[in-house]
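Participant: One file: input-v3.cif (mmCIF, C-alpha atoms).
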data_data
loop_
_atom_site.label_atom_id
_atom_site.label_comp_id
_atom_site.auth_asym_id
_atom_site.auth_seq_id
_atom_site.Cartn_x
_atom_site.Cartn_y
_atom_site.Cartn_z
CA MET A 837 45.28 8.09 -40.29
CA LYS A 838 42.65 10.81 -40.29
CA TYR A 839 40.09 8.28 -41.47
CA ASN A 840 40.91 5.92 -38.58
CA PHE A 841 40.66 8.78 -36.11
CA LEU A 842 37.15 9.63 -37.37
CA ILE A 843 36.09 6.00 -36.99
CA ILE A 844 37.40 5.88 -33.40
CA LEU A 845 35.68 9.18 -32.61
CA PHE A 846 32.41 7.97 -34.11
CA CYS A 847 32.52 4.71 -32.13
CA THR A 848 33.32 6.54 -28.91
CA VAL A 849 30.45 8.99 -29.35
CA THR A 850 28.09 6.20 -30.36
CA GLY A 851 29.11 4.15 -27.34
CA ILE A 852 28.47 7.07 -25.02
CA PHE A 853 25.09 7.66 -26.64
CA ILE A 854 24.08 4.00 -26.35
CA LYS A 855 25.20 3.94 -22.72
CA ALA A 856 23.11 7.02 -22.02
CA GLN A 857 20.13 5.36 -23.65
CA THR A 858 20.51 2.12 -21.70
CA GLU A 859 20.74 4.04 -18.42
CA GLN A 860 17.15 5.20 -18.97
CA GLU A 861 15.43 1.83 -18.94
CA PRO A 862 11.67 2.33 -19.43
CA ILE A 863 9.16 1.06 -16.90
CA TYR A 864 5.44 0.91 -17.67
CA PHE A 865 2.63 1.18 -15.15
CA ASN A 866 1.21 -2.33 -15.60
CA GLU A 867 4.69 -3.78 -15.25
CA TYR A 868 5.34 -1.60 -12.20
CA LEU A 869 2.09 -2.63 -10.49
CA LYS A 870 2.93 -6.28 -11.17
CA TYR A 871 6.25 -5.77 -9.38
CA VAL A 872 4.39 -4.15 -6.48
CA LYS A 873 2.12 -7.17 -6.16
CA GLU A 874 4.89 -9.73 -6.43
CA LYS A 875 7.90 -8.09 -4.78
CA ASN A 876 6.69 -5.57 -2.22
CA LEU A 877 8.31 -6.53 1.08
CA GLY A 878 5.55 -5.09 3.24
CA LEU A 879 2.95 -7.13 1.39
CA ALA A 880 5.07 -10.25 1.72
CA ALA A 881 5.26 -9.69 5.48
CA GLN A 882 1.49 -9.20 5.73
CA LYS A 883 0.86 -12.52 4.00
CA TYR A 884 2.44 -14.34 6.94
CA ASN A 885 -0.57 -13.28 9.02
CA ILE A 886 -2.77 -15.48 6.83
CA SER A 887 -0.52 -18.50 7.29
CA MET A 888 -0.38 -17.97 11.03
CA ALA A 889 -4.16 -17.58 11.26
CA GLU A 890 -4.72 -20.80 9.29
CA ALA A 891 -2.29 -22.61 11.58
CA SER A 892 -4.30 -21.35 14.55
CA ILE A 893 -7.37 -23.18 13.20
CA LEU A 894 -5.47 -26.48 13.39
CA THR A 895 -4.29 -25.64 16.88
CA ALA A 896 -7.83 -24.84 18.03
CA GLY A 897 -9.06 -28.29 17.01
CA ILE A 898 -6.55 -30.23 19.10
CA PHE A 899 -8.05 -32.44 21.82
CA PRO A 900 -6.56 -32.39 25.33
CA ASP A 901 -3.63 -34.77 25.65
CA PRO A 902 -4.06 -37.87 27.85
CA GLN A 903 -1.77 -38.49 30.80
CA ILE A 904 -0.10 -41.73 31.82
CA GLU A 905 0.66 -42.38 35.50
CA MET A 906 2.95 -45.13 36.80
CA GLU A 907 3.46 -45.96 40.45
CA THR A 908 5.02 -48.59 42.71
CA SER A 909 5.18 -49.02 46.45
CA ASN A 910 6.64 -51.30 49.11
CA ASN A 911 3.75 -52.24 51.39
CA GLY A 912 5.96 -52.93 54.36
CA VAL A 913 9.67 -52.55 54.39
CA SER A 914 10.22 -54.71 57.49
CA LYS A 915 6.94 -56.62 57.46
CA ASP A 916 7.36 -58.47 54.16
CA MET A 917 3.94 -57.34 52.89
CA GLY A 918 4.94 -57.42 49.21
CA TYR A 919 4.97 -54.77 46.51
CA THR A 920 2.33 -52.89 44.55
CA VAL A 921 2.83 -51.89 40.88
CA GLY A 922 0.19 -49.94 38.99
CA GLY A 923 -0.53 -47.60 36.13
CA ALA A 924 -3.38 -45.40 34.94
CA VAL A 925 -4.41 -43.29 31.97
CA SER A 926 -6.29 -40.04 32.60
CA TRP A 927 -7.95 -37.68 30.14
CA THR A 928 -9.92 -34.45 30.33
CA LEU A 929 -13.35 -34.58 28.72
CA GLU A 930 -14.23 -31.06 27.53
CA LEU A 931 -17.91 -30.19 27.85
CA GLY A 932 -19.96 -27.21 26.68
CA GLY A 933 -18.66 -27.23 23.08
CA LYS A 934 -15.27 -25.67 23.92
CA ARG A 935 -13.45 -27.22 20.97
CA LYS A 936 -16.15 -26.19 18.52
CA ALA A 937 -16.12 -22.64 19.92
CA ARG A 938 -12.31 -22.46 19.62
CA ILE A 939 -12.40 -23.59 16.00
CA GLU A 940 -15.16 -21.11 15.15
CA MET A 941 -13.24 -18.22 16.68
CA ALA A 942 -10.01 -19.24 14.92
CA LYS A 943 -11.83 -19.37 11.57
CA ASN A 944 -13.33 -15.93 12.18
CA GLU A 945 -9.90 -14.55 13.05
CA ALA A 946 -8.45 -16.09 9.88
CA GLU A 947 -11.16 -14.48 7.77
CA TYR A 948 -10.52 -11.18 9.52
CA SER A 949 -6.82 -11.48 8.64
CA ARG A 950 -7.69 -12.14 4.97
CA LEU A 951 -9.87 -9.02 4.83
CA GLN A 952 -7.14 -6.98 6.49
CA LEU A 953 -4.74 -8.18 3.80
CA GLN A 954 -7.19 -7.07 1.10
CA ASP A 955 -7.39 -3.64 2.71
CA TYR A 956 -3.59 -3.48 2.88
CA ILE A 957 -3.40 -4.29 -0.84
CA ARG A 958 -6.03 -1.61 -1.60
CA ASN A 959 -3.98 1.06 0.14
CA LEU A 960 -0.69 -0.28 -1.19
CA PHE A 961 -1.83 -0.10 -4.82
CA ALA A 962 -3.21 3.41 -4.31
CA ASP A 963 -0.01 4.66 -2.63
CA ALA A 964 2.18 3.00 -5.26
CA THR A 965 0.13 4.60 -8.05
CA LEU A 966 0.34 8.01 -6.40
CA GLY A 967 4.11 7.60 -6.32
CA TYR A 968 4.12 6.72 -10.02
CA ILE A 969 1.97 9.79 -10.79
CA GLU A 970 4.42 11.96 -8.86
CA ALA A 971 7.26 10.60 -11.00
CA LEU A 972 5.28 11.29 -14.18
CA LYS A 973 4.55 14.84 -13.03
CA ALA A 974 8.23 15.45 -12.27
CA LYS A 975 9.15 14.15 -15.71
CA ALA A 976 6.58 16.38 -17.43
CA LEU A 977 7.71 19.49 -15.52
CA LEU A 978 11.32 18.71 -16.40
CA ASN A 979 10.44 18.43 -20.10
CA VAL A 980 8.61 21.78 -19.95
CA GLN A 981 11.64 23.41 -18.39
CA LYS A 982 13.99 21.82 -20.92
CA GLU A 983 11.89 23.11 -23.83
CA SER A 984 11.82 26.56 -22.27
CA TYR A 985 15.57 26.48 -21.83
CA GLN A 986 16.13 25.33 -25.42
CA ASN A 987 13.89 28.12 -26.73
CA MET A 988 15.68 30.73 -24.66
CA LEU A 989 19.09 29.31 -25.63
CA THR A 990 18.15 29.56 -29.31
CA LEU A 991 16.99 33.13 -28.76
CA ALA A 992 20.23 33.95 -26.89
CA LYS A 993 22.33 32.63 -29.78
CA SER A 994 20.25 34.64 -32.22
CA ASP A 995 20.65 37.78 -30.09
CA SER A 996 24.41 37.24 -29.94
CA ILE A 997 24.49 37.31 -33.74
CA ARG A 998 22.17 40.30 -33.88
CA TYR A 999 24.37 42.14 -31.38
CA ARG A 1000 27.45 41.58 -33.56
CA LEU A 1001 25.46 42.85 -36.52
CA GLY A 1002 24.45 45.94 -34.53
CA ASP A 1003 20.71 45.20 -34.54
CA ILE A 1004 20.36 45.13 -30.72
CA SER A 1005 22.28 46.48 -27.76
CA LYS A 1006 24.78 44.54 -25.65
CA VAL A 1007 22.48 44.74 -22.63
CA THR A 1008 19.68 43.04 -24.54
CA SER A 1009 22.01 40.27 -25.67
CA GLN A 1010 23.25 39.80 -22.11
CA GLN A 1011 19.68 39.68 -20.81
CA THR A 1012 18.70 36.71 -22.99
CA ARG A 1013 21.97 34.93 -22.16
CA LEU A 1014 21.40 35.38 -18.42
CA GLU A 1015 17.82 34.21 -18.76
CA SER A 1016 18.93 31.02 -20.50
CA SER A 1017 21.52 30.38 -17.75
CA SER A 1018 18.83 30.87 -15.11
CA LEU A 1019 16.56 28.42 -16.88
CA LEU A 1020 19.41 25.90 -17.07
CA ASN A 1021 19.77 26.03 -13.27
CA GLU A 1022 16.06 25.30 -12.97
CA VAL A 1023 16.52 22.36 -15.34
CA TYR A 1024 19.22 20.96 -13.05
CA GLN A 1025 16.95 21.42 -10.04
CA LEU A 1026 14.03 19.63 -11.70
CA GLU A 1027 16.34 16.84 -12.87
CA GLY A 1028 17.21 16.16 -9.24
CA ALA A 1029 13.54 16.18 -8.25
CA GLN A 1030 12.66 13.83 -11.12
CA GLN A 1031 15.41 11.39 -10.20
CA GLN A 1032 14.33 11.39 -6.56
CA SER A 1033 10.70 10.70 -7.49
CA VAL A 1034 11.76 7.67 -9.55
CA THR A 1035 14.06 6.39 -6.82
CA ALA A 1036 11.17 6.68 -4.34
CA LEU A 1037 9.36 3.96 -6.32
CA SER A 1038 12.00 1.48 -5.11
CA ASP A 1039 10.19 1.27 -1.78
CA PHE A 1040 7.10 -0.16 -3.50
CA ILE A 1041 8.74 -2.80 -5.70
CA GLY A 1042 11.44 -3.96 -3.31
CA SER A 1043 14.31 -3.22 -5.71
CA ASP A 1044 16.23 -0.22 -7.03
CA CYS A 1045 14.35 1.95 -9.56
CA THR A 1046 17.14 4.50 -10.01
CA GLY A 1047 17.76 5.29 -13.67
CA LYS A 1048 14.42 4.02 -14.95
CA ASP A 1049 12.15 6.13 -17.13
CA VAL A 1050 8.46 6.11 -16.19
CA SER A 1051 5.96 6.08 -19.03
CA GLY A 1052 2.31 7.07 -19.11
CA ASN A 1053 -0.26 9.64 -20.18
CA LEU A 1054 -1.67 11.95 -17.52
CA ASN A 1055 -4.65 12.79 -19.73
CA THR A 1056 -6.37 9.42 -19.21
CA PHE A 1057 -7.77 10.00 -15.70
CA ASN A 1058 -11.26 11.10 -16.55
CA ARG A 1059 -14.31 9.27 -15.19
CA ASN A 1060 -17.98 10.08 -14.62
CA PHE A 1061 -19.41 9.12 -11.25
CA ILE A 1062 -22.63 9.43 -9.26
CA LEU A 1063 -21.98 10.13 -5.60
CA ASN A 1064 -24.71 7.88 -4.16
CA ASP A 1065 -23.53 4.98 -6.29
CA LEU A 1066 -19.99 5.48 -5.03
CA ILE A 1067 -21.14 5.44 -1.40
CA THR A 1068 -23.13 2.24 -2.00
CA GLN A 1069 -20.12 0.72 -3.75
CA ALA A 1070 -17.90 1.61 -0.81
CA PHE A 1071 -20.30 0.04 1.70
CA ASN A 1072 -20.31 -3.17 -0.34
CA GLU A 1073 -16.65 -3.40 -1.34
CA ARG A 1074 -14.41 -1.53 1.14
CA ALA A 1075 -12.25 -4.21 2.70
CA ASP A 1076 -11.79 -2.29 5.95
CA LEU A 1077 -15.57 -2.14 6.44
CA LEU A 1078 -15.90 -5.83 5.63
CA ALA A 1079 -13.08 -6.53 8.08
CA SER A 1080 -14.87 -4.50 10.74
CA LYS A 1081 -18.03 -6.50 10.14
CA GLN A 1082 -16.02 -9.70 10.39
CA ASN A 1083 -14.55 -8.39 13.64
CA ILE A 1084 -18.10 -8.38 15.05
CA ASN A 1085 -18.37 -12.08 14.18
CA THR A 1086 -15.01 -12.69 15.82
CA ALA A 1087 -16.11 -10.85 18.97
CA ALA A 1088 -19.34 -12.89 19.04
CA SER A 1089 -17.39 -16.14 18.78
CA ARG A 1090 -15.15 -14.95 21.61
CA VAL A 1091 -18.22 -14.45 23.80
CA LYS A 1092 -19.40 -17.94 22.88
CA LEU A 1093 -15.99 -19.37 23.78
CA GLU A 1094 -15.96 -17.64 27.15
CA LYS A 1095 -19.39 -19.05 27.93
CA ALA A 1096 -18.20 -22.51 26.94
CA ASN A 1097 -15.13 -22.13 29.16
CA ARG A 1098 -17.42 -21.65 32.15
CA VAL A 1099 -18.79 -25.17 31.73
CA ILE A 1100 -16.99 -27.71 33.93
CA ASP A 1101 -14.78 -30.38 32.36
CA LEU A 1102 -14.67 -33.96 33.59
CA GLY A 1103 -11.50 -35.83 34.39
CA LEU A 1104 -11.68 -39.51 33.41
CA SER A 1105 -9.15 -42.13 34.41
CA ALA A 1106 -8.67 -45.89 34.07
CA GLY A 1107 -5.89 -48.00 35.51
CA ALA A 1108 -4.67 -51.40 36.64
CA GLY A 1109 -2.43 -52.60 39.47
CA HIS A 1110 -0.65 -55.72 40.69
CA ASN A 1111 0.03 -56.68 44.30
CA THR A 1112 2.73 -59.29 44.83
CA VAL A 1113 2.57 -62.15 47.35
CA ALA A 1114 2.77 -61.11 51.01
CA ASN A 1115 4.66 -63.64 53.17
CA ASN A 1116 3.91 -61.95 56.43
CA GLU A 1117 3.09 -64.61 59.10
CA ILE A 1118 0.28 -62.57 60.64
CA ALA A 1119 -1.52 -61.58 57.43
CA PRO A 1120 -0.24 -63.48 54.41
CA SER A 1121 -1.97 -62.78 51.08
CA PRO A 1122 -1.68 -64.07 47.54
CA ALA A 1123 -0.77 -62.00 44.50
CA VAL A 1124 -3.76 -60.07 43.15
CA ASN A 1125 -4.52 -57.81 40.18
CA THR A 1126 -6.65 -54.70 40.50
CA VAL A 1127 -8.57 -52.54 38.03
CA LYS A 1128 -9.77 -49.04 38.76
CA PHE A 1129 -11.88 -46.37 37.08
CA GLY A 1130 -12.27 -42.81 38.21
CA ILE A 1131 -13.96 -39.51 37.50
CA SER A 1132 -13.01 -36.07 38.79
CA VAL A 1133 -15.26 -33.02 38.89
CA PRO A 1134 -13.59 -29.60 39.36
CA LEU A 1135 -15.16 -27.15 41.77
CA LYS A 1136 -15.56 -24.03 39.57
CA PHE A 1137 -15.53 -21.39 42.27
CA SER A 1138 -13.99 -19.08 39.64
CA ASN A 1139 -17.34 -18.96 37.82
CA HIS A 1140 -18.51 -16.50 40.45
CA ARG A 1141 -16.01 -14.09 38.94
CA ASN A 1142 -17.05 -13.69 35.31
CA ALA A 1143 -14.62 -10.90 34.33
CA ASP A 1144 -13.45 -12.69 31.15
CA LEU A 1145 -17.02 -13.07 29.93
CA LYS A 1146 -17.82 -9.44 30.65
CA ILE A 1147 -14.68 -8.34 28.80
CA ALA A 1148 -15.70 -10.46 25.78
CA GLU A 1149 -19.21 -8.96 25.82
CA MET A 1150 -17.79 -5.43 26.01
CA GLY A 1151 -15.49 -6.31 23.10
CA TYR A 1152 -18.53 -7.30 21.07
CA SER A 1153 -20.26 -3.98 21.83
CA GLN A 1154 -17.06 -2.15 20.95
CA ALA A 1155 -16.81 -3.97 17.60
CA GLU A 1156 -20.38 -2.95 16.72
CA THR A 1157 -19.66 0.68 17.61
CA GLU A 1158 -16.46 0.68 15.54
CA TYR A 1159 -18.37 -0.71 12.56
CA ARG A 1160 -20.89 2.15 12.70
CA GLN A 1161 -18.02 4.64 13.06
CA ILE A 1162 -16.25 3.24 10.00
CA GLU A 1163 -19.51 3.49 8.04
CA ASN A 1164 -19.77 7.18 8.89
CA ASN A 1165 -16.13 7.76 8.01
CA ILE A 1166 -16.53 6.03 4.65
CA ARG A 1167 -19.54 8.17 3.75
CA MET A 1168 -17.56 11.32 4.63
CA GLU A 1169 -14.36 10.16 2.87
CA VAL A 1170 -16.15 9.25 -0.37
CA THR A 1171 -18.07 12.54 -0.39
CA GLN A 1172 -14.94 14.61 0.17
CA ALA A 1173 -12.95 12.68 -2.43
CA TYR A 1174 -15.80 13.11 -4.94
CA GLN A 1175 -15.93 16.86 -4.25
CA GLN A 1176 -12.16 17.17 -4.73
CA TYR A 1177 -12.24 15.23 -8.00
CA THR A 1178 -15.11 17.26 -9.49
CA SER A 1179 -13.36 20.48 -8.46
CA VAL A 1180 -10.17 19.51 -10.29
CA GLN A 1181 -12.18 18.41 -13.32
CA LYS A 1182 -13.72 21.90 -13.55
CA GLN A 1183 -10.26 23.48 -13.38
CA LEU A 1184 -9.04 21.26 -16.20
CA GLN A 1185 -11.89 22.43 -18.40
CA GLN A 1186 -10.37 25.92 -18.35
CA PHE A 1187 -7.25 24.58 -20.03
CA ASP A 1188 -9.31 22.56 -22.46
CA ASN A 1189 -10.99 25.80 -23.54
CA GLY A 1190 -7.76 27.00 -25.17
CA MET A 1191 -5.69 28.74 -22.48
CA LEU A 1192 -2.47 26.98 -23.42
CA LYS A 1193 -2.93 27.50 -27.15
CA GLU A 1194 -3.67 31.16 -26.64
CA ALA A 1195 -0.58 31.67 -24.47
CA GLU A 1196 1.57 29.84 -27.03
CA ASN A 1197 0.26 32.03 -29.87
CA ILE A 1198 0.97 35.15 -27.82
CA LEU A 1199 4.54 34.00 -27.17
CA LYS A 1200 5.14 33.23 -30.84
CA GLY A 1201 3.70 36.59 -31.86
CA ILE A 1202 5.77 38.60 -29.39
CA THR A 1203 8.92 36.64 -30.26
CA TYR A 1204 8.33 37.33 -33.96
CA SER A 1205 7.78 41.02 -33.24
CA TYR A 1206 10.96 41.12 -31.14
CA GLN A 1207 12.99 39.58 -33.94
CA ARG A 1208 11.63 42.30 -36.24
CA GLY A 1209 12.54 44.97 -33.70
CA GLU A 1210 8.89 45.82 -32.91
CA SER A 1211 8.87 44.74 -29.22
CA SER A 1212 11.28 44.61 -26.32
CA ILE A 1213 13.06 41.64 -24.76
CA LEU A 1214 11.10 42.18 -21.54
CA GLU A 1215 7.86 41.51 -23.38
CA VAL A 1216 9.32 38.28 -24.74
CA LEU A 1217 10.52 37.19 -21.30
CA ASN A 1218 7.16 37.96 -19.70
CA ALA A 1219 5.33 36.01 -22.41
CA GLN A 1220 7.78 33.12 -22.03
CA ARG A 1221 7.32 33.03 -18.25
CA THR A 1222 3.53 33.17 -18.58
CA PHE A 1223 3.54 30.31 -21.07
CA ASN A 1224 5.88 28.25 -18.88
CA GLU A 1225 3.78 28.85 -15.77
CA LEU A 1226 0.62 27.87 -17.60
CA ARG A 1227 2.19 24.66 -18.90
CA GLN A 1228 3.59 23.82 -15.47
CA ASN A 1229 0.21 24.53 -13.87
CA TYR A 1230 -1.43 22.35 -16.48
CA PHE A 1231 0.76 19.33 -15.79
CA GLN A 1232 0.47 19.87 -12.05
CA LEU A 1233 -3.29 19.99 -12.45
CA LEU A 1234 -3.25 16.82 -14.55
CA ALA A 1235 -1.28 15.10 -11.80
CA GLU A 1236 -3.66 16.48 -9.18
CA ASN A 1237 -6.59 15.20 -11.21
CA ALA A 1238 -5.00 11.74 -11.43
CA SER A 1239 -4.30 11.76 -7.70
CA ALA A 1240 -7.87 12.85 -6.96
CA LEU A 1241 -9.24 9.99 -9.06
CA ILE A 1242 -6.96 7.48 -7.34
CA GLU A 1243 -8.06 8.73 -3.93
CA LEU A 1244 -11.71 8.60 -4.97
CA GLU A 1245 -11.39 5.01 -6.14
CA ARG A 1246 -9.44 4.14 -3.00
CA LYS A 1247 -12.25 5.53 -0.83
CA ALA A 1248 -14.97 3.87 -2.92
CA GLY A 1249 -13.30 0.45 -3.03
CA ILE A 1250 -12.87 0.58 -6.82
CA TRP A 1251 -9.74 -0.18 -8.81
CA ASP A 1252 -9.66 0.21 -12.60
CA ILE A 1253 -6.55 2.41 -13.00
CA GLU A 1254 -4.72 1.60 -16.22
CA PHE A 1255 -2.66 3.88 -18.44
#
Re-express the file's structure as structure tokens.
Facilitator:
Amino acid sequence: MKYNFLIILFCTVTGIFIKAQTEQEPIYFNEYLKYVKEKNLGLAAQKYNISMAEASILTAGIFPDPQIEMETSNNGVSKDMGYTVGGAVSWTLELGGKRKARIEMAKNEAEYSRLQLQDYIRNLFADATLGYIEALKAKALLNVQKESYQNMLTLAKSDSIRYRLGDISKVTSQQTRLESSSLLNEVYQLEGAQQQSVTALSDFIGSDCTGKDVSGNLNTFNRNFILNDLITQAFNERADLLASKQNINTAASRVKLEKANRVIDLGLSAGAGHNTVANNEIAPSPAVNTVKFGISVPLKFSNHRNADLKIAEMGYSQAETEYRQIENNIRMEVTQAYQQYTSVQKQLQQFDNGMLKEAENILKGITYSYQRGESSILEVLNAQRTFNELRQNYFQLLAENASALIELERKAGIWDIEF
């Protein structure tokens, strides 16, 4: 009976453990970014702009529809003059290259939409990666706090034994126990922050990320750059700048279309008619067939008011000005992002010079001295807090360094983030 109870207990504990493990399904960055590209709802909505722009090209190439006219008349209700039946086909002949100008503008607008989509993807990938970095940082800070709590809990258990043996006072034992309880509360707080940061990734992949465990190394975000090369790269590759340049082409094609619209169009028509026999005694006539051709020329009095053309020309000047403004902004953005990244890199070097190792050695030394009765609990707690703060600052700085690199590559139009 006892043997069966142990088996049941073992299976129950194992089942709980396996369930806890399955709840933390790992997600890797490359897999996550693939989900962003394939399942992001905002990106899916933006892609419709491309389809609509391509459909506009087909619409722009449509010729004016012809018109069919049918008519009949009674030439004399009481005079017996017969009937007339006729029909005609009319069509507008566009002159001045209107159709060609419409197609050119539609193609320029489609290309502009494609470049806007590229810029949307550039910012989407950067924002999604920043969210992933935030989740990694929250996970690292939680692990630091858990380790600190475990260390303090071990020390509290040791002090409880030492107190019963009479080696330390009750107050000292209570102090370590209270400190471990305080650290446990901080663990709970950071667990909530870590879970929220993972859940926030759901917005980027279009599905629930709750319960997943992000994976990655924050130490891999180190690059060497030359500022002038980054600025040149940005001018050549930034999709928003390319889109602004394409907008100039679109504005130019709009001016061309407005000029073409000022050219008159001709109305052409061709028709045939049939007059029946007229039996009127005064003026009898036989049945006859008629053919007619016609041309209509509109009187374009509206050409004296060229507001649409002026608006198109001002739009072209505006597009050129916006392009120069974006160039200036890009130069400033890349420079600032480069300065931020180099600043964080210098701060990281301080940790690489042994700050963490030194703080860890100090903590171990003071803890050893405390266990031998050569130092106080306050010295241990101060050393523990200093070590924790340094480790937390280190991981926060690693995350800041990663974020600075992502922002720098976003501003420079580069994307080679993998970890």
Participant: For a quick check of understanding, using all atoms listed in the file, which of A:Arg950, A:Lys1247, A:Arg1090, A:Lys875 has the smallest distance to Ala889 of chain A?
Facilitator: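 Of the candidates, the smallest distance to Ala889 of chain A is held by A:Arg950.
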Participant: Which residues are close to Gln952 of chain A, i.e. within 10 Å by only C-alpha atoms, leaving aside same-chain residues fewer than 4 positions away? Reply as a list in words.
Facilitator: Gln882, Asn885, Ile886, Ala946, Glu947, Tyr948, Tyr956, Ile957, Arg958, Ala1075, Asp1076, Leu1077, Leu1078, Ala1079 and Ser1080 of chain A
Participant: Quick one: of A:Gln1030, A:Ser1105, A:Thr965, A:Ser1211, who's nearest to Phe1129 of chain A, counting all atoms listed in the file?
Facilitator: A:Ser1105
Participant: Need to verify the contact set: Gln903 of chain A, 8 Å, all atoms listed in the file, exclusion of same-chain residues closer than 4 positions in sequence. Can you return it as a list in words?
Facilitator: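 So the residues in contact are Val925, Ser926 and Trp927 of chain A.
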Participant: Could you check which of A:Arg1246, A:Asn876, A:Met941, A:Leu1184 is closest to Leu1093 of chain A, using all atoms listed in the file?
Facilitator: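 Ranked by minimum distance to Leu1093 of chain A, first place goes to A:Met941.
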Participant: How many Å separate atom CA of Ala1219 of chain A from atom CA of Tyr1206 of chain A?
Facilitator: 11.6 Å
Participant: Can you list, as a PyMOL selection string, the residues that the PyMOL selection byres ((chain A and resi 1110) around 8) selects here?
Facilitator: chain A and resi 920-922+1108-1109+1111-1112+1123-1126
Participant: So which residues get picked by the PyMOL selection byres ((chain A and resi 1069) around 12) here, written as a ChimeraX atom specification?
Facilitator: /A:1061-1068,1070-1075,1077,1166-1167,1170,1244-1251
Participant: Tell me, as a list of chain:residue names, which residues lie within 9 Å of Leu1234 of chain A, counting only C-alpha atoms; anything in the same chain fewer than 2 positions away does not count.
Facilitator: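 With the cut-off at 9 Å, the set is A:Lys973, A:Leu1054, A:Asn1055, A:Phe1057, A:Val1180, A:Leu1184, A:Asn1229, A:Tyr1230, A:Phe1231, A:Gln1232, A:Glu1236, A:Asn1237, A:Ala1238, A:Ser1239.
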Participant: Write the residues of the selection above to a file with C-alpha atoms, as a tab-separated table (two decimals), keeping the file's coordinate frame.
Facilitator:
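What landed in result16.tsv:
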chain	number	residue	atom	x	y	z
A	973	LYS	CA	4.55	14.84	-13.03
A	1054	LEU	CA	-1.67	11.95	-17.52
A	1055	ASN	CA	-4.65	12.79	-19.73
A	1057	PHE	CA	-7.77	10.00	-15.70
A	1180	VAL	CA	-10.17	19.51	-10.29
A	1184	LEU	CA	-9.04	21.26	-16.20
A	1229	ASN	CA	0.21	24.53	-13.87
A	1230	TYR	CA	-1.43	22.35	-16.48
A	1231	PHE	CA	0.76	19.33	-15.79
A	1232	GLN	CA	0.47	19.87	-12.05
A	1236	GLU	CA	-3.66	16.48	-9.18
A	1237	ASN	CA	-6.59	15.20	-11.21
A	1238	ALA	CA	-5.00	11.74	-11.43
A	1239	SER	CA	-4.30	11.76	-7.70
Participant: Between atom CA of Ser984 of chain A and atom CA of Lys1193 of chain A, what is the distance in Å, rounded to a tenth?
Facilitator: 15.6 Å
Participant: Mind giving me the straight-line distance from atom CA of Lys1095 of chain A to atom CA of Ser887 of chain A in Å, one decimal?
Facilitator: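 Answer for the atom CA of Lys1095 of chain A to atom CA of Ser887 of chain A separation: 28.0 Å.
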Participant: So which residues get picked by the PyMOL selection byres ((chain A and resi 933-938) around 9) here, written as a ChimeraX atom specification?
Facilitator: /A:893,896-899,930-932,939-943,1089-1090,1092-1097,1099
Participant: List as a list in words: which residues have an atom within 12 Å of (-13.6, -1.1, 18.2), counting only C-alpha atoms?
Facilitator: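 The distance filter leaves exactly Leu1077, Ala1079, Ser1080, Lys1081, Gln1082, Asn1083, Ile1084, Thr1086, Ala1087, Met1150, Gly1151, Tyr1152, Ser1153, Gln1154, Ala1155, Glu1156, Thr1157, Glu1158, Tyr1159, Arg1160, Gln1161 and Ile1162 of chain A.
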Participant: Which residues, written as a PyMOL selection string, have at least one atom at most 10 Å from Leu1217 of chain A, with all atoms listed in the file counted and residues fewer than 6 positions away on the same chain left out?
Facilitator: chain A and resi 988+1011-1012+1015+1199+1202-1203+1223
Participant: Neighbouring residues of Tyr985 of chain A were defined as those with any atom within 6 Å, considering all atoms listed in the file; residues of the same chain fewer than 3 positions away were excluded. Please report them as a VMD selection string.
Facilitator: chain A and resid 982 988 to 989 1016 1019
Participant: Now that the selection is made, can you save its residues with C-alpha atoms as a PDB file, in the coordinates of the input?
Facilitator:
ATOM      1  CA  LYS A 982      13.990  21.820 -20.920  1.00  0.00           C
ATOM      2  CA  MET A 988      15.680  30.730 -24.660  1.00  0.00           C
ATOM      3  CA  LEU A 989      19.090  29.310 -25.630  1.00  0.00           C
ATOM      4  CA  SER A1016      18.930  31.020 -20.500  1.00  0.00           C
ATOM      5  CA  LEU A1019      16.560  28.420 -16.880  1.00  0.00           C
TER       6      LEU A1019
END
Participant: Using all atoms listed in the file, which residue out of A:Thr928, A:Arg1227, A:Gln1181, A:Met906 lies closest to Asn1058 of chain A?
Facilitator: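 Among A:Thr928, A:Arg1227, A:Gln1181, A:Met906, it is A:Gln1181 that comes nearest to Asn1058 of chain A.
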Participant: From the options A:Asp955, A:Glu1022, A:Asp1144, A:Glu1215, which residue's atoms come nearest to Leu977 of chain A, counting only C-alpha atoms?
Facilitator: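 The closest residue to Leu977 of chain A is A:Glu1022.
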Participant: Tell me which of A:Thr1222, A:Val1127, A:Gln1010, A:Thr1178 sits closest to Gly923 of chain A, counting all atoms listed in the file.
Facilitator: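 So, comparing all the options, the nearest one is A:Val1127.
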